[in-house]
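Visitor: The structure follows.
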Amino acid sequence: NCCVKCGNAVSNPCLLGMHLAPLYVWVVIAACGGIRAKCDVLASCPGDLNVEGFGLASIIPTGWATPDEFIEMRVNDTSGALVADLGSRAYFANGCTAGVYNHTQYLAFNLLGKKMKYTTDMSGLGCGCNAAFYLTSMHQNREASECSDYYCDANNVCGQSCAEIDIQEGNKFSWHTTLHAKTDHGGVGKGYGGGGANWNGPRDWSSATYGPGASCIDTMVPFQVEVAFPADASCQLTAMEVTLSQAARSDCQLKVAIDKYDGMPEMSAALSAGMTPIASYWASADMLW
């Protein structure tokens, strides 16, 4: 598993730093490690993040219902960062009651016709590692799911399906942006990286423009992400547009736009109803990117 190359959480953290407009949050993804005593972790909520333009957003981790399998997420009191160990997942919420899941607490941001900006650093994530920041309709899901936390996504991971927007799934070699209607497991995606005997990942860019030491987005240093959800006069989503840029290379940007998708009406309705931001960090030898 090449994810072992990430190192440990103390000496080599993998950073997924996010500066969201009008939101603001930093998310730190700890690299392939981080074993901690669980009794103290389960006794309290991970903490709150200061979200510019909104206020304090509580972080609710998955796994309270299965303490033997719980993988920690925590908010660093000094940096305000969300630190995620490998295998963890957490949801942005209006409040947190330790050990209790309530779908009505999950944030429901309406981003239709709006943009969101953030800075990400995936310099420590190798192949097989996936730092993900995405949106699903968790706030509206009334079924507790097999994970007992009301989690839902388009791949029915916890037994509940809902619309999913993958803004970022990636590592220092790959980037995927994908729209998923409720039952569309594969979705429609763009970006760069991945492939195998029976599958080729998107090739909208190349390793010369995205990756370690690349000419446009050098993934060994932080870079900026802007995602936009433009809508027409009838408030229907017309595209999902993602732009990557880097301060040191102001003359170069990488862009993708998903503007042809049969599930656009469903995505419009999901965005308008409000979707929950989710951060996760996982790895798989079968991921192929």
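How things are named: the first chain in the structure tokens is A, the next is B, and so on; residues count from 1 in each chain; ligands count from 1 in the order shown.
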Might you pull out every residue within 12 Å of Thr78 in chain A, with only C-alpha atoms counted and same-chain residues fewer than 3 positions away left off, and present them as a JSON list (two decimals) with C-alpha atoms, in the first residue's frame?
Guide:
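Contents of the output file part14.json:
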```json
[["chain", "number", "residue", "atom", "x", "y", "z"],
["A", 26, "TRP", "CA", -8.75, 24.55, 7.79],
["A", 47, "GLY", "CA", -14.79, 20.88, 18.49],
["A", 49, "LEU", "CA", -14.54, 25.44, 13.31],
["A", 74, "ARG", "CA", -10.31, 16.48, 16.24],
["A", 75, "VAL", "CA", -10.12, 20.25, 16.03],
["A", 81, "ALA", "CA", -7.58, 22.86, 12.00],
["A", 82, "LEU", "CA", -9.62, 19.71, 11.68],
["A", 83, "VAL", "CA", -7.21, 16.78, 12.04]]
```
Visitor: Give me, as JSON lines, the closest atom pair and its distance (Å, one decimal) for every residue of range 35-145 of chain A within a cut-off of 12 Å of range 208-218 of chain A, counting only C-alpha atoms, rows sorted by chain and rising number.
Guide:
```
{"residue": "A:Thr120", "atom": "CA", "partner": "A:Ile217", "partner_atom": "CA", "distance": 11.4}
{"residue": "A:Asp121", "atom": "CA", "partner": "A:Asp218", "partner_atom": "CA", "distance": 10.2}
{"residue": "A:Met122", "atom": "CA", "partner": "A:Gly211", "partner_atom": "CA", "distance": 10.1}
{"residue": "A:Ser123", "atom": "CA", "partner": "A:Pro212", "partner_atom": "CA", "distance": 7.9}
{"residue": "A:Gly124", "atom": "CA", "partner": "A:Pro212", "partner_atom": "CA", "distance": 10.5}
{"residue": "A:Leu125", "atom": "CA", "partner": "A:Pro212", "partner_atom": "CA", "distance": 10.9}
{"residue": "A:Gly126", "atom": "CA", "partner": "A:Pro212", "partner_atom": "CA", "distance": 10.4}
{"residue": "A:Cys127", "atom": "CA", "partner": "A:Gly211", "partner_atom": "CA", "distance": 11.4}
```
Visitor: Based on the selection just made, write N, CA, C and O atoms of those residues as a short mmCIF file (atom, residue, chain, number, x, y, z; two decimals), in the first residue's frame.
Guide:
```cif
data_model
loop_
_atom_site.label_atom_id
_atom_site.label_comp_id
_atom_site.auth_asym_id
_atom_site.auth_seq_id
_atom_site.Cartn_x
_atom_site.Cartn_y
_atom_site.Cartn_z
N THR A 120 -5.95 24.07 -0.65
CA THR A 120 -5.72 22.68 -0.26
C THR A 120 -4.23 22.34 -0.38
O THR A 120 -3.53 22.88 -1.24
N ASP A 121 -3.78 21.47 0.50
CA ASP A 121 -2.40 21.00 0.49
C ASP A 121 -2.42 19.49 0.62
O ASP A 121 -2.73 18.96 1.68
N MET A 122 -2.09 18.78 -0.45
CA MET A 122 -2.08 17.32 -0.45
C MET A 122 -0.69 16.78 -0.71
O MET A 122 -0.51 15.68 -1.23
N SER A 123 0.31 17.55 -0.34
CA SER A 123 1.69 17.21 -0.66
C SER A 123 2.15 15.90 -0.02
O SER A 123 3.10 15.27 -0.50
N GLY A 124 1.49 15.45 1.05
CA GLY A 124 1.90 14.22 1.71
C GLY A 124 1.11 13.00 1.29
O GLY A 124 1.36 11.91 1.80
N LEU A 125 0.15 13.14 0.38
CA LEU A 125 -0.71 12.02 0.01
C LEU A 125 -0.24 11.36 -1.27
O LEU A 125 -0.23 11.99 -2.33
N GLY A 126 0.13 10.09 -1.18
CA GLY A 126 0.59 9.34 -2.34
C GLY A 126 -0.54 8.58 -3.00
O GLY A 126 -1.71 8.74 -2.68
N CYS A 127 -0.18 7.70 -3.94
CA CYS A 127 -1.17 6.92 -4.67
C CYS A 127 -1.93 6.02 -3.70
O CYS A 127 -1.40 5.54 -2.71
#
```
Visitor: Quick one, how far is CA of Ser272 in chain A from CA of Lys114 in chain A?
Guide: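 We find that CA of Ser272 in chain A and CA of Lys114 in chain A lie 10.8 Å from each other.
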Visitor: What does the distance from CA of Ala270 in chain A to CA of Ser137 in chain A come to in Å, to one decimal?
Guide: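 Answer for the CA of Ala270 in chain A to CA of Ser137 in chain A separation: 6.6 Å.
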Visitor: So which one's closest to Ala233 in chain A, A:Ala98, A:Ala248, A:Leu107, A:Leu112? Using only C-alpha atoms, please.
Guide: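 Of the candidates, the smallest distance to Ala233 in chain A is held by A:Leu112.
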Visitor: Using only C-alpha atoms, can you tell me which of A:Thr136, A:Lys190, A:Ala57, A:Cys147 comes closest to Phe70 in chain A?
Guide: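 Result for the nearest residue to Phe70 in chain A: A:Cys147.
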Visitor: Between A:Tyr134, A:Trp199, A:Phe54, A:Phe109, single out the one closest to Ala279 in chain A, counting only C-alpha atoms.
Guide: A:Tyr134
Visitor: Check the DSSP output for the backbone and give back, as a compact mmCIF listing (two decimals) with N, CA and C atoms, in the first residue's frame, the residues of range 41-212 of chain A in strand (DSSP E).
Guide:
```txt
# COMPACT_ATOMS: atom_id res chain seq x y z
N ASP A 48 -15.34 22.94 17.37
CA ASP A 48 -16.00 23.80 16.40
C ASP A 48 -14.98 24.48 15.51
N LEU A 49 -15.36 24.71 14.27
CA LEU A 49 -14.54 25.44 13.31
C LEU A 49 -15.17 26.81 13.06
N ASN A 50 -14.33 27.83 12.98
CA ASN A 50 -14.82 29.16 12.69
C ASN A 50 -15.01 29.31 11.18
N VAL A 51 -16.25 29.40 10.75
CA VAL A 51 -16.58 29.49 9.33
C VAL A 51 -16.92 30.94 9.00
N GLY A 55 -20.18 31.53 10.97
CA GLY A 55 -19.99 31.41 12.41
C GLY A 55 -19.34 30.09 12.74
N LEU A 56 -19.65 29.55 13.91
CA LEU A 56 -19.04 28.30 14.34
C LEU A 56 -19.81 27.11 13.76
N ALA A 57 -19.07 26.22 13.13
CA ALA A 57 -19.62 24.98 12.61
C ALA A 57 -19.08 23.83 13.45
N SER A 58 -19.96 23.08 14.03
CA SER A 58 -19.55 21.92 14.82
C SER A 58 -19.13 20.79 13.91
N ILE A 59 -18.19 19.98 14.37
CA ILE A 59 -17.73 18.82 13.63
C ILE A 59 -18.27 17.57 14.31
N ILE A 60 -18.93 16.73 13.53
CA ILE A 60 -19.50 15.49 14.05
C ILE A 60 -18.85 14.32 13.32
N PRO A 61 -18.11 13.47 14.03
CA PRO A 61 -17.44 12.34 13.38
C PRO A 61 -18.35 11.13 13.25
N MET A 73 -11.39 12.19 14.64
CA MET A 73 -11.21 13.52 14.07
C MET A 73 -11.21 14.49 15.23
N ARG A 74 -10.40 15.52 15.13
CA ARG A 74 -10.31 16.48 16.24
C ARG A 74 -9.99 17.85 15.68
N VAL A 75 -10.42 18.88 16.39
CA VAL A 75 -10.12 20.25 16.03
C VAL A 75 -8.94 20.72 16.87
N ALA A 81 -7.52 23.84 13.08
CA ALA A 81 -7.58 22.86 12.00
C ALA A 81 -8.34 21.62 12.42
N LEU A 82 -8.98 21.00 11.48
CA LEU A 82 -9.62 19.71 11.68
C LEU A 82 -8.62 18.64 11.29
N VAL A 83 -8.22 17.81 12.26
CA VAL A 83 -7.21 16.78 12.04
C VAL A 83 -7.90 15.44 11.89
N ALA A 84 -7.70 14.79 10.76
CA ALA A 84 -8.38 13.54 10.45
C ALA A 84 -7.38 12.42 10.29
N SER A 88 -11.08 8.11 8.67
CA SER A 88 -12.09 8.92 9.37
C SER A 88 -12.98 9.69 8.39
N ARG A 89 -14.12 10.12 8.92
CA ARG A 89 -15.06 10.93 8.15
C ARG A 89 -15.83 11.80 9.13
N ALA A 90 -16.14 13.04 8.73
CA ALA A 90 -16.86 13.94 9.65
C ALA A 90 -17.74 14.89 8.87
N TYR A 91 -18.75 15.40 9.56
CA TYR A 91 -19.79 16.23 8.95
C TYR A 91 -19.84 17.60 9.62
N PHE A 92 -20.13 18.63 8.84
CA PHE A 92 -20.28 19.98 9.37
C PHE A 92 -21.72 20.14 9.88
N ALA A 93 -21.87 20.72 11.08
CA ALA A 93 -23.18 20.77 11.71
C ALA A 93 -23.41 22.07 12.46
N LYS A 115 -20.36 30.53 -5.46
CA LYS A 115 -19.02 29.99 -5.58
C LYS A 115 -18.46 29.68 -4.19
N MET A 116 -17.52 28.77 -4.15
CA MET A 116 -16.82 28.45 -2.91
C MET A 116 -15.34 28.33 -3.24
N LYS A 117 -14.52 28.94 -2.40
CA LYS A 117 -13.08 28.93 -2.63
C LYS A 117 -12.37 28.36 -1.40
N TYR A 118 -11.29 27.64 -1.64
CA TYR A 118 -10.48 27.14 -0.54
C TYR A 118 -9.06 26.84 -1.01
N THR A 119 -8.17 26.69 -0.08
CA THR A 119 -6.79 26.30 -0.36
C THR A 119 -6.57 24.90 0.15
N THR A 120 -5.95 24.07 -0.65
CA THR A 120 -5.72 22.68 -0.26
C THR A 120 -4.23 22.34 -0.38
N CYS A 129 -4.23 7.04 -1.74
CA CYS A 129 -4.79 7.88 -0.68
C CYS A 129 -5.82 8.83 -1.29
N ASN A 130 -6.90 9.06 -0.57
CA ASN A 130 -7.95 9.94 -1.08
C ASN A 130 -8.35 10.96 -0.03
N ALA A 131 -8.00 12.21 -0.26
CA ALA A 131 -8.46 13.32 0.57
C ALA A 131 -9.69 13.90 -0.11
N ALA A 132 -10.83 13.77 0.54
CA ALA A 132 -12.10 14.14 -0.10
C ALA A 132 -12.80 15.25 0.65
N PHE A 133 -13.35 16.18 -0.11
CA PHE A 133 -14.23 17.22 0.41
C PHE A 133 -15.43 17.25 -0.51
N TYR A 134 -16.62 17.00 0.05
CA TYR A 134 -17.78 16.82 -0.81
C TYR A 134 -19.07 17.20 -0.09
N LEU A 135 -20.16 17.15 -0.83
CA LEU A 135 -21.47 17.53 -0.33
C LEU A 135 -22.46 16.40 -0.57
N THR A 136 -23.31 16.10 0.42
CA THR A 136 -24.43 15.19 0.20
C THR A 136 -25.67 15.74 0.91
N GLU A 164 -24.92 13.43 -4.41
CA GLU A 164 -23.55 13.65 -3.93
C GLU A 164 -22.78 14.51 -4.93
N ILE A 165 -22.06 15.49 -4.42
CA ILE A 165 -21.20 16.33 -5.25
C ILE A 165 -19.78 16.23 -4.71
N ASP A 166 -18.92 15.57 -5.45
CA ASP A 166 -17.52 15.44 -5.05
C ASP A 166 -16.75 16.63 -5.62
N ILE A 167 -16.50 17.59 -4.78
CA ILE A 167 -15.72 18.75 -5.20
C ILE A 167 -14.27 18.34 -5.39
N GLN A 168 -13.76 17.61 -4.42
CA GLN A 168 -12.37 17.16 -4.45
C GLN A 168 -12.26 15.74 -3.96
N GLU A 169 -11.72 14.88 -4.80
CA GLU A 169 -11.20 13.59 -4.39
C GLU A 169 -9.81 13.51 -5.00
N GLY A 170 -8.79 13.37 -4.18
CA GLY A 170 -7.48 13.40 -4.80
C GLY A 170 -6.32 13.13 -3.88
N TRP A 175 -6.63 14.14 -9.37
CA TRP A 175 -7.73 15.01 -8.93
C TRP A 175 -8.99 14.59 -9.67
N HIS A 176 -10.06 14.34 -8.93
CA HIS A 176 -11.35 13.99 -9.52
C HIS A 176 -12.45 14.88 -8.96
N THR A 177 -13.27 15.43 -9.84
CA THR A 177 -14.47 16.18 -9.50
C THR A 177 -15.64 15.47 -10.17
N THR A 178 -16.70 15.18 -9.38
CA THR A 178 -17.77 14.32 -9.90
C THR A 178 -19.15 14.75 -9.41
N LEU A 179 -20.13 14.69 -10.30
CA LEU A 179 -21.53 14.85 -9.94
C LEU A 179 -22.19 13.48 -9.90
N HIS A 180 -22.94 13.21 -8.82
CA HIS A 180 -23.66 11.95 -8.69
C HIS A 180 -25.12 12.21 -8.36
N VAL A 188 -20.70 11.49 -13.28
CA VAL A 188 -19.97 12.11 -14.40
C VAL A 188 -18.87 12.96 -13.80
N GLY A 189 -17.63 12.65 -14.16
CA GLY A 189 -16.51 13.33 -13.54
C GLY A 189 -15.48 13.82 -14.52
N LYS A 190 -14.64 14.73 -14.03
CA LYS A 190 -13.52 15.24 -14.80
C LYS A 190 -12.33 15.44 -13.87
N GLY A 191 -11.18 15.71 -14.46
CA GLY A 191 -9.98 15.91 -13.68
C GLY A 191 -8.80 15.21 -14.32
N TYR A 192 -8.02 14.52 -13.49
CA TYR A 192 -6.84 13.84 -14.01
C TYR A 192 -6.43 12.69 -13.09
N GLY A 195 -6.30 4.71 -13.46
CA GLY A 195 -6.55 3.81 -14.56
C GLY A 195 -6.05 2.41 -14.25
N GLY A 196 -6.55 1.44 -14.99
CA GLY A 196 -6.15 0.06 -14.81
C GLY A 196 -6.49 -0.74 -16.05
N TRP A 199 -10.20 0.19 -16.91
CA TRP A 199 -10.71 1.52 -16.60
C TRP A 199 -9.62 2.57 -16.78
N ASN A 200 -9.98 3.68 -17.36
CA ASN A 200 -9.08 4.82 -17.48
C ASN A 200 -9.73 6.03 -16.81
N TYR A 210 -0.32 18.93 -13.69
CA TYR A 210 -0.81 18.66 -12.34
C TYR A 210 -0.01 17.51 -11.74
N GLY A 211 0.63 17.78 -10.60
CA GLY A 211 1.40 16.75 -9.92
C GLY A 211 2.63 17.33 -9.27
```
Visitor: Mind listing the alpha helix (DSSP H) residues of range 61-284 of chain A, per DSSP on the backbone, as a list in words?
Guide: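 Selecting the alpha helix (DSSP H) positions of range 61-284 of chain A gives Met264, Pro265, Glu266, Met267, Ser268, Ala269, Ala270, Leu271, Ser272 and Ala273 of chain A.
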